[in-house]
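Peer 1: Below is the file query.cif, which contains mmCIF, C-alpha atoms.
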```cif
data_query
loop_
_atom_site.label_atom_id
_atom_site.label_comp_id
_atom_site.auth_asym_id
_atom_site.auth_seq_id
_atom_site.Cartn_x
_atom_site.Cartn_y
_atom_site.Cartn_z
CA MET C 1 0.00 0.00 0.00
CA SER C 2 1.33 3.45 -0.93
CA THR C 3 2.31 6.07 1.62
CA ALA C 4 -0.49 8.32 0.37
CA LYS C 5 -3.11 5.65 1.01
CA VAL C 6 -1.71 5.00 4.47
CA GLN C 7 -1.93 8.71 5.30
CA ILE C 8 -5.50 8.82 4.01
CA ARG C 9 -6.47 5.90 6.25
CA GLU C 10 -4.86 7.54 9.28
CA THR C 11 -6.70 10.80 8.55
CA GLN C 12 -9.99 8.94 8.19
CA ALA C 13 -9.35 7.19 11.51
CA ARG C 14 -8.82 10.48 13.32
CA GLN C 15 -12.03 11.89 11.85
CA ALA C 16 -14.15 8.85 12.65
CA SER C 17 -17.17 9.51 14.82
CA ARG C 18 -17.68 7.90 18.20
CA GLU C 19 -20.54 5.85 16.74
CA THR C 20 -18.01 3.76 14.80
CA ILE C 21 -16.22 2.61 17.94
CA SER C 22 -16.42 -1.12 18.43
CA PRO C 23 -19.15 -1.84 21.03
CA GLY C 24 -19.08 -4.34 23.85
CA PHE C 25 -16.19 -5.66 25.88
CA HIS C 26 -12.73 -6.06 24.39
CA TRP C 27 -11.25 -8.96 26.33
CA PRO C 28 -8.32 -9.62 23.97
CA GLU C 29 -7.14 -6.02 24.33
CA TYR C 30 -7.55 -6.14 28.12
CA ALA C 31 -5.47 -9.31 28.26
CA MET C 32 -2.84 -7.74 26.00
CA GLU C 33 -2.53 -4.76 28.36
CA ALA C 34 -1.96 -7.18 31.25
CA ALA C 35 0.61 -9.16 29.29
CA LEU C 36 2.47 -6.05 28.10
CA LEU C 37 2.86 -4.57 31.58
CA GLY C 38 3.64 -8.01 32.97
CA LEU C 39 6.48 -8.35 30.47
CA PHE C 40 7.70 -4.86 31.30
CA MET C 41 7.82 -5.72 35.01
CA LEU C 42 9.52 -9.03 34.31
CA SER C 43 12.16 -7.12 32.37
CA ALA C 44 12.50 -4.53 35.16
CA CYS C 45 13.12 -7.24 37.74
CA VAL C 46 15.61 -9.14 35.60
CA PHE C 47 17.67 -6.10 34.62
CA THR C 48 17.65 -4.77 38.18
CA MET C 49 19.05 -8.09 39.37
CA ILE C 50 21.65 -8.12 36.60
CA PHE C 51 23.00 -4.68 37.47
CA GLU C 52 22.32 -4.40 41.22
CA LEU C 53 22.67 -7.87 42.74
CA PRO C 54 26.05 -7.81 44.59
CA SER C 55 27.07 -11.22 43.22
CA SER C 56 26.26 -10.30 39.62
CA PRO C 57 29.28 -10.03 37.29
CA ALA C 58 27.79 -6.86 35.81
CA ARG C 59 27.49 -5.28 39.27
CA ILE C 60 31.07 -6.21 40.10
CA ALA C 61 32.37 -4.85 36.79
CA LEU C 62 30.42 -1.59 37.06
CA PRO C 63 30.99 0.07 40.45
CA SER C 64 29.42 3.37 39.32
CA PRO C 65 25.74 3.57 40.34
CA THR C 66 25.18 6.30 37.76
CA LEU C 67 26.42 4.07 34.96
CA ARG C 68 24.35 1.15 36.22
CA ARG C 69 21.21 3.32 36.29
CA ALA C 70 21.93 4.48 32.77
CA LEU C 71 22.24 0.88 31.56
CA ILE C 72 19.08 -0.19 33.39
CA GLY C 73 17.31 2.82 31.90
CA THR C 74 18.50 1.93 28.42
CA ALA C 75 17.32 -1.65 28.84
CA MET C 76 13.91 -0.57 30.12
CA GLY C 77 13.51 2.12 27.48
CA LEU C 78 14.22 -0.44 24.75
CA THR C 79 11.79 -2.85 26.44
CA ALA C 80 9.06 -0.19 26.38
CA ILE C 81 9.72 0.58 22.71
CA ALA C 82 9.65 -3.09 21.76
CA LEU C 83 6.34 -3.60 23.58
CA ILE C 84 4.74 -0.50 22.06
CA TYR C 85 5.57 -1.59 18.51
CA SER C 86 4.80 -5.26 19.10
CA PRO C 87 1.62 -6.71 17.54
CA TRP C 88 -0.05 -6.67 20.95
CA GLY C 89 1.03 -3.10 21.62
CA GLN C 90 -0.24 -1.92 18.26
CA ARG C 91 -3.59 -3.57 18.91
CA SER C 92 -4.21 -2.52 22.54
CA GLY C 93 -2.59 0.89 22.22
CA ALA C 94 0.16 -0.03 24.73
CA HIS C 95 -0.98 2.26 27.52
CA MET C 96 0.55 -0.05 30.14
CA ASN C 97 -0.24 2.62 32.72
CA PRO C 98 -3.49 3.53 34.53
CA SER C 99 -2.44 7.19 34.49
CA VAL C 100 -2.28 7.17 30.69
CA THR C 101 -5.60 5.36 30.42
CA LEU C 102 -7.31 7.80 32.80
CA ALA C 103 -6.00 10.78 30.85
CA PHE C 104 -7.33 9.35 27.59
CA ALA C 105 -10.63 8.52 29.28
CA TRP C 106 -10.93 12.15 30.35
CA LEU C 107 -10.20 13.12 26.75
CA ARG C 108 -13.03 10.75 25.73
CA LYS C 109 -10.76 8.71 23.52
CA ILE C 110 -11.49 5.46 25.37
CA GLN C 111 -14.89 4.43 26.67
CA MET C 112 -15.14 4.34 30.46
CA ARG C 113 -16.02 0.64 30.44
CA ASP C 114 -12.85 -0.15 28.53
CA ALA C 115 -10.82 2.18 30.74
CA VAL C 116 -11.96 0.37 33.90
CA PHE C 117 -10.93 -3.01 32.51
CA TYR C 118 -7.70 -1.65 31.07
CA ILE C 119 -6.72 -0.36 34.51
CA ALA C 120 -7.76 -3.54 36.31
CA PHE C 121 -5.78 -5.71 33.91
CA GLN C 122 -2.77 -3.39 34.11
CA PHE C 123 -2.65 -3.88 37.89
CA LEU C 124 -3.10 -7.61 37.43
CA GLY C 125 -0.41 -7.88 34.78
CA ALA C 126 2.14 -5.91 36.79
CA ALA C 127 1.68 -8.11 39.86
CA VAL C 128 1.81 -11.34 37.86
CA GLY C 129 5.01 -10.24 36.11
CA VAL C 130 6.83 -9.68 39.41
CA LEU C 131 5.39 -12.83 40.95
CA LEU C 132 6.67 -14.91 38.03
CA VAL C 133 10.21 -13.67 38.62
CA SER C 134 9.78 -14.19 42.34
CA THR C 135 8.89 -17.85 41.93
CA VAL C 136 12.15 -18.44 40.07
CA ALA C 137 14.57 -16.11 41.87
CA ARG C 138 12.94 -14.92 45.07
CA MET C 139 16.15 -14.70 47.13
CA SER C 140 17.87 -12.64 44.46
CA LEU C 141 14.81 -10.48 43.85
CA ALA C 142 14.44 -9.86 47.60
CA ASP C 143 18.09 -8.82 48.01
CA PRO C 144 18.34 -5.37 49.70
CA ASN C 145 20.00 -3.97 46.59
CA VAL C 146 17.20 -5.23 44.32
CA ARG C 147 14.08 -5.08 46.53
CA PHE C 148 11.70 -6.47 43.91
CA ALA C 149 12.50 -3.45 41.70
CA ALA C 150 10.24 -1.47 44.03
CA THR C 151 9.76 2.28 43.69
CA THR C 152 10.35 4.20 46.92
CA PRO C 153 11.18 7.84 47.71
CA GLY C 154 14.88 8.67 47.70
CA ARG C 155 16.94 10.16 50.50
CA THR C 156 15.69 13.63 49.66
CA GLY C 157 12.27 12.72 51.08
CA THR C 158 8.66 12.32 50.07
CA LEU C 159 8.01 15.89 48.95
CA ILE C 160 10.86 15.78 46.45
CA ALA C 161 9.70 12.32 45.35
CA ALA C 162 6.18 13.63 44.77
CA ALA C 163 7.52 16.62 42.85
CA GLY C 164 9.71 14.36 40.74
CA GLU C 165 6.80 12.04 39.92
CA PHE C 166 4.66 15.01 38.95
CA VAL C 167 7.28 16.49 36.63
CA ILE C 168 8.17 13.28 34.79
CA SER C 169 4.52 12.20 34.48
CA PHE C 170 3.50 15.60 33.15
CA ILE C 171 6.32 15.61 30.59
CA GLN C 172 5.57 12.04 29.54
CA MET C 173 1.89 12.65 28.81
CA SER C 174 2.61 15.97 27.13
CA ALA C 175 5.13 14.30 24.83
CA VAL C 176 2.76 11.45 24.00
CA LEU C 177 -0.02 13.86 23.05
CA ARG C 178 2.20 16.11 21.00
CA PHE C 179 3.89 13.37 19.04
CA SER C 180 0.93 11.01 18.61
CA ASN C 181 -1.14 13.84 17.13
CA HIS C 182 1.57 15.19 14.85
CA PRO C 183 0.84 14.38 11.18
CA ARG C 184 4.46 13.45 10.38
CA LEU C 185 5.90 12.36 13.72
CA SER C 186 3.09 10.24 15.13
CA ARG C 187 4.77 6.94 14.27
CA ILE C 188 7.78 7.73 16.48
CA THR C 189 5.67 8.33 19.59
CA GLY C 190 6.77 5.00 21.04
CA ILE C 191 10.44 5.81 20.50
CA VAL C 192 10.03 9.16 22.24
CA ALA C 193 8.16 7.55 25.15
CA GLY C 194 10.80 4.84 25.57
CA THR C 195 13.63 7.35 25.38
CA LEU C 196 12.02 9.41 28.12
CA VAL C 197 11.66 6.30 30.30
CA ALA C 198 15.38 5.60 29.87
CA THR C 199 16.25 9.20 30.73
CA TYR C 200 14.06 9.26 33.83
CA ILE C 201 15.56 6.04 35.19
CA ALA C 202 19.08 7.33 34.63
CA LEU C 203 18.53 10.81 36.08
CA GLU C 204 15.37 11.00 38.18
CA SER C 205 15.10 7.60 39.87
CA PRO C 206 17.36 8.55 42.82
CA TYR C 207 14.68 11.04 43.89
CA SER C 208 11.36 9.21 43.42
CA GLY C 209 12.25 5.73 42.25
CA MET C 210 10.82 6.64 38.82
CA SER C 211 7.38 5.12 38.62
CA MET C 212 4.89 7.35 36.72
CA ASN C 213 2.68 4.28 36.98
CA PRO C 214 0.43 3.17 39.88
CA ALA C 215 0.20 -0.39 38.51
CA ARG C 216 3.97 -0.66 38.09
CA SER C 217 4.52 0.35 41.75
CA PHE C 218 1.73 -1.97 42.90
CA GLY C 219 3.29 -4.88 41.02
CA SER C 220 6.49 -4.60 43.05
CA ALA C 221 4.83 -3.68 46.35
CA LEU C 222 2.36 -6.58 46.49
CA PRO C 223 4.81 -9.50 46.69
CA SER C 224 7.50 -7.56 48.56
CA GLY C 225 5.41 -5.73 51.14
CA ILE C 226 7.34 -2.53 50.33
CA TRP C 227 4.57 0.08 50.40
CA GLN C 228 6.73 3.06 51.35
CA GLY C 229 5.46 6.14 49.55
CA PHE C 230 2.85 4.16 47.64
CA ALA C 231 0.29 6.97 47.96
CA ILE C 232 2.63 9.14 45.88
CA TYR C 233 2.72 6.63 43.04
CA LEU C 234 -1.02 5.99 43.26
CA LEU C 235 -2.11 9.63 43.16
CA VAL C 236 0.53 11.94 41.71
CA PRO C 237 1.06 10.40 38.22
CA PRO C 238 -2.66 10.35 37.34
CA ILE C 239 -3.08 13.95 38.51
CA ALA C 240 -0.03 15.07 36.53
CA MET C 241 -1.12 13.32 33.34
CA LEU C 242 -4.66 14.68 33.64
CA MET C 243 -3.23 18.18 34.01
CA ALA C 244 -1.03 17.61 30.96
CA ALA C 245 -4.09 16.54 28.98
CA ARG C 246 -6.03 19.59 30.16
CA LEU C 247 -3.20 21.91 29.16
CA TYR C 248 -2.94 20.28 25.74
CA ILE C 249 -6.66 20.74 25.12
CA TRP C 250 -6.56 24.29 26.43
CA SER C 251 -3.72 25.22 24.07
CA ARG C 252 -4.81 23.29 20.97
CA GLY C 253 -8.52 22.58 21.24
CA SER C 254 -10.57 19.45 21.83
CA GLN C 255 -10.23 18.35 18.21
CA ALA C 256 -6.44 18.19 18.45
CA VAL C 257 -6.44 14.66 19.89
CA GLY C 258 -7.04 11.89 17.40
CA CYS C 259 -6.79 8.47 19.02
CA CYS C 260 -5.30 6.97 22.16
CA LYS C 261 -2.82 4.51 20.69
CA PHE C 262 0.90 5.07 21.03
CA ASP C 263 1.41 3.53 17.59
CA HIS C 264 -1.65 3.90 15.38
CA SER C 265 -0.54 1.40 12.77
CA PRO C 266 -2.70 1.53 9.62
CA ARG C 267 -2.49 -2.27 9.46
CA VAL C 268 -4.28 -2.87 12.76
CA ASP C 269 -7.99 -2.46 13.58
CA CYS C 270 -8.68 0.13 16.26
CA ILE C 271 -11.33 -0.38 18.94
CA PHE C 272 -11.09 3.30 19.91
CA CYS C 273 -11.63 5.31 16.73
CA GLY C 274 -13.13 2.59 14.57
CA MET C 275 -10.41 2.46 11.92
CA LYS C 276 -10.26 -0.82 10.00
CA GLY C 277 -6.72 -2.03 9.49
CA THR C 278 -5.25 -3.29 6.25
CA SER C 279 -3.59 -6.47 7.51
CA HIS C 280 -6.41 -8.49 5.97
CA GLU C 281 -6.11 -6.81 2.59
CA GLN C 282 -4.11 -8.03 -0.37
CA LEU C 283 -1.07 -5.76 -0.61
#
```
As structure tokens - that is how I would like this structure written.

Peer 2:
Amino acid sequence: MSTAKVQIRETQARQASRETISPGFHWPEYAMEAALLGLFMLSACVFTMIFELPSSPARIALPSPTLRRALIGTAMGLTAIALIYSPWGQRSGAHMNPSVTLAFAWLRKIQMRDAVFYIAFQFLGAAVGVLLVSTVARMSLADPNVRFAATTPGRTGTLIAAAGEFVISFIQMSAVLRFSNHPRLSRITGIVAGTLVATYIALESPYSGMSMNPARSFGSALPSGIWQGFAIYLLVPPIAMLMAARLYIWSRGSQAVGCCKFDHSPRVDCIFCGMKGTSHEQL
């Protein structure tokens, strides 16, 4: 299919009325959201053990905590990008974060019924991902240097942690909205989002633990019992992303937001805007 036809389909998708949205429950997409965040948490646990477990060769070879954070951030950023552009990510939209889903629900780009199940399955997937690693390597995952990859406030305290979570969550949602609704740059939204995740882990995590995601923090806290600062991760990211969405609408208008997928592939059907993908067509 030509580039022109692809652009036409994407334009038609953004102009589709709400009546074209697929009705009913979307269990495959809910399950995909759970699986995507579960895989992200599995990756977070594994890479944290690789770079922070005292007996790990990587930890021994890399005494600099800054360098280790940068490498963990790179690994997690690449994980996020891979999940966003995976077939499951392209189909579900790859929110992988209740804060993102709530912001898009406020923007009326996802039906409230779907948003509720997206959020429930995100929490479920995050917990299952950590529990799977725990069943295989609980002693290593529970090591004081790993701590189930839990997010907790840094030594600078809870107020700084809350401020850090607000800033990174606000920037993340602002970037997603700006890139996903740009006519030429929309397809790199996932790369931008993953790059920001890598940057936050490298630079901001010493202050807040770098969550941006209530389900991500819940996934580590449930099996570990580490609930320190959990209220920050439960409340601040959704508030920040909602404020980012409000600012975007205030500055650009309600029609500026097309759909709520990170990668709106023209090949994949969309349950949100009603676009029919081309994967079934003869190319």

Peer 1: Quote the spacing between atom CA of Ala103 of chain C and atom CA of Phe272 of chain C in Å to one decimal place.

Peer 2: 14.2 Å

Peer 1: List the neighbours of segment 221-232 of chain C out to 7 Å using all atoms listed in the file; skip same-chain residues closer than 2 positions along the sequence, and give me the result as a VMD selection string.

Peer 2: chain C and resid 127 131 148 150 152 to 153 158 162 217 to 219 234 to 236

Peer 1: Dump C-alpha atoms for the selected residues as a compact mmCIF listing (two decimals), in the coordinates of the input?

Peer 2:
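After the write, selection.txt holds the following:
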```txt
# COMPACT_ATOMS: atom_id res chain seq x y z
CA ALA C 127 1.68 -8.11 39.86
CA LEU C 131 5.39 -12.83 40.95
CA PHE C 148 11.70 -6.47 43.91
CA ALA C 150 10.24 -1.47 44.03
CA THR C 152 10.35 4.20 46.92
CA PRO C 153 11.18 7.84 47.71
CA THR C 158 8.66 12.32 50.07
CA ALA C 162 6.18 13.63 44.77
CA SER C 217 4.52 0.35 41.75
CA PHE C 218 1.73 -1.97 42.90
CA GLY C 219 3.29 -4.88 41.02
CA LEU C 234 -1.02 5.99 43.26
CA LEU C 235 -2.11 9.63 43.16
CA VAL C 236 0.53 11.94 41.71
```

Peer 1: Taking (19.5, -3.3, 38.6) in the file's own coordinates, collect the residues within 10 Å, counting all atoms listed in the file, and hand them back as a PyMOL selection string.

Peer 2: chain C and resi 44-54+56+58-59+65+68-69+71-73+145-149

Peer 1: Translate the PyMOL selection byres ((chain C and resi 212) around 7) into a concrete residue list for this structure, as number ranges by chain.

Peer 2: C: 165, 169, 210-211, 213-214, 233, 237

Peer 1: If we count only C-alpha atoms, what is near Gln122 of chain C at a cut-off of 9 Å, once residues fewer than 4 positions away on the same chain are taken out, given as a list of chain:residue names?

Peer 2: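 Within the cut-off, the hits are C:Tyr30, C:Ala31, C:Glu33, C:Ala34, C:Ala35, C:Leu36, C:Leu37, C:Gly38, C:His95, C:Met96, C:Asn97, C:Pro98, C:Phe117, C:Tyr118, C:Ala126, C:Ala127, C:Ala215, C:Arg216.
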
Peer 1: C:Leu124, C:Leu242, C:Ile191, C:Leu83: which is nearest Ile171 of chain C, counting all atoms listed in the file?

Peer 2: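 Ranking C:Leu124, C:Leu242, C:Ile191, C:Leu83 by distance to Ile171 of chain C, first place goes to C:Leu242.
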
Peer 1: Can you tell me, as an mmCIF file with C-alpha atoms, in the frame of the given file, which residues sit within 10 Å of (-0.1, 20.4, 39.2) in the file's frame, using only C-alpha atoms?

Peer 2:
```cif
data_model
loop_
_atom_site.group_PDB
_atom_site.id
_atom_site.type_symbol
_atom_site.label_atom_id
_atom_site.label_comp_id
_atom_site.auth_asym_id
_atom_site.auth_seq_id
_atom_site.Cartn_x
_atom_site.Cartn_y
_atom_site.Cartn_z
ATOM 1 C CA ALA C 163 7.520 16.620 42.850
ATOM 2 C CA PHE C 166 4.660 15.010 38.950
ATOM 3 C CA VAL C 167 7.280 16.490 36.630
ATOM 4 C CA PHE C 170 3.500 15.600 33.150
ATOM 5 C CA VAL C 236 0.530 11.940 41.710
ATOM 6 C CA ILE C 239 -3.080 13.950 38.510
ATOM 7 C CA ALA C 240 -0.030 15.070 36.530
ATOM 8 C CA MET C 241 -1.120 13.320 33.340
ATOM 9 C CA LEU C 242 -4.660 14.680 33.640
ATOM 10 C CA MET C 243 -3.230 18.180 34.010
ATOM 11 C CA ALA C 244 -1.030 17.610 30.960
#
```

Peer 1: How far is it from atom CA of Tyr200 of chain C to atom CA of Leu39 of chain C, in Å with one decimal?

Peer 2: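 Distance reported for this atom pair: 19.5 Å.
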
Peer 1: Evaluate the PyMOL selection byres ((chain C and resi 107) around 9) against this structure - the residues, as a VMD selection string, please.

Peer 2: chain C and resid 102 to 106 108 to 110 242 245 to 246 249 254 257

Peer 1: Generate a file of the selected residues that holds C-alpha atoms, formatted as a PDB file, keeping the file's coordinate frame.

Peer 2:
```
ATOM      1  CA  LEU C 102      -7.310   7.800  32.800  1.00  0.00           C
ATOM      2  CA  ALA C 103      -6.000  10.780  30.850  1.00  0.00           C
ATOM      3  CA  PHE C 104      -7.330   9.350  27.590  1.00  0.00           C
ATOM      4  CA  ALA C 105     -10.630   8.520  29.280  1.00  0.00           C
ATOM      5  CA  TRP C 106     -10.930  12.150  30.350  1.00  0.00           C
ATOM      6  CA  ARG C 108     -13.030  10.750  25.730  1.00  0.00           C
ATOM      7  CA  LYS C 109     -10.760   8.710  23.520  1.00  0.00           C
ATOM      8  CA  ILE C 110     -11.490   5.460  25.370  1.00  0.00           C
ATOM      9  CA  LEU C 242      -4.660  14.680  33.640  1.00  0.00           C
ATOM     10  CA  ALA C 245      -4.090  16.540  28.980  1.00  0.00           C
ATOM     11  CA  ARG C 246      -6.030  19.590  30.160  1.00  0.00           C
ATOM     12  CA  ILE C 249      -6.660  20.740  25.120  1.00  0.00           C
ATOM     13  CA  SER C 254     -10.570  19.450  21.830  1.00  0.00           C
ATOM     14  CA  VAL C 257      -6.440  14.660  19.890  1.00  0.00           C
TER      15      VAL C 257
END
```

Peer 1: Taking into account only C-alpha atoms, which residue in the set C:Tyr248, C:Ala94, C:Asn181, C:Ser265 is nearest to Ile81 of chain C?

Peer 2: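 Using only C-alpha atoms, Ile81 of chain C sits closest to C:Ala94.
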
Peer 1: Of the candidates C:Arg113, C:His26, C:Arg155, C:Arg178, which one gets nearest to Cys259 of chain C if we count only C-alpha atoms?

Peer 2: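 The answer is C:Arg178, which sits nearest to Cys259 of chain C.
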
Peer 1: Would you mind reading off the distance between atom CA of Val133 of chain C and atom CA of Val116 of chain C, one decimal, in Å?

Peer 2: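 These two atoms are separated by 26.7 Å.
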
Peer 1: I'd like to know which of C:Ala175, C:Leu42, C:Gln90, C:Pro23 is closest to Thr135 of chain C, using only C-alpha atoms.

Peer 2: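 Counting only C-alpha atoms, the residue closest to Thr135 of chain C is C:Leu42.
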
Peer 1: So what does the PyMOL selection byres ((chain C and resi 201) around 9) actually pick up in this one, as a PDB file with C-alpha atoms, keeping the file's coordinate frame?

Peer 2:
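That gives us part-v7.pdb:
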```
ATOM      1  CA  ARG C  69      21.210   3.320  36.290  1.00  0.00           C
ATOM      2  CA  ALA C  70      21.930   4.480  32.770  1.00  0.00           C
ATOM      3  CA  ILE C  72      19.080  -0.190  33.390  1.00  0.00           C
ATOM      4  CA  GLY C  73      17.310   2.820  31.900  1.00  0.00           C
ATOM      5  CA  THR C  74      18.500   1.930  28.420  1.00  0.00           C
ATOM      6  CA  MET C  76      13.910  -0.570  30.120  1.00  0.00           C
ATOM      7  CA  GLY C  77      13.510   2.120  27.480  1.00  0.00           C
ATOM      8  CA  LEU C 196      12.020   9.410  28.120  1.00  0.00           C
ATOM      9  CA  VAL C 197      11.660   6.300  30.300  1.00  0.00           C
ATOM     10  CA  ALA C 198      15.380   5.600  29.870  1.00  0.00           C
ATOM     11  CA  THR C 199      16.250   9.200  30.730  1.00  0.00           C
ATOM     12  CA  TYR C 200      14.060   9.260  33.830  1.00  0.00           C
ATOM     13  CA  ALA C 202      19.080   7.330  34.630  1.00  0.00           C
ATOM     14  CA  LEU C 203      18.530  10.810  36.080  1.00  0.00           C
ATOM     15  CA  GLU C 204      15.370  11.000  38.180  1.00  0.00           C
ATOM     16  CA  SER C 205      15.100   7.600  39.870  1.00  0.00           C
ATOM     17  CA  PRO C 206      17.360   8.550  42.820  1.00  0.00           C
ATOM     18  CA  GLY C 209      12.250   5.730  42.250  1.00  0.00           C
ATOM     19  CA  MET C 210      10.820   6.640  38.820  1.00  0.00           C
ATOM     20  CA  SER C 211       7.380   5.120  38.620  1.00  0.00           C
TER      21      SER C 211
END
```

Peer 1: For each of C:Pro238, C:Gly274, C:Asp269, C:Arg91, take the minimum atom-to-atom distance to Pro28 of chain C, counting all atoms listed in the file, then give the residue where this is smallest.

Peer 2: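 Residue with the minimum atom-to-atom distance to Pro28 of chain C: C:Arg91.
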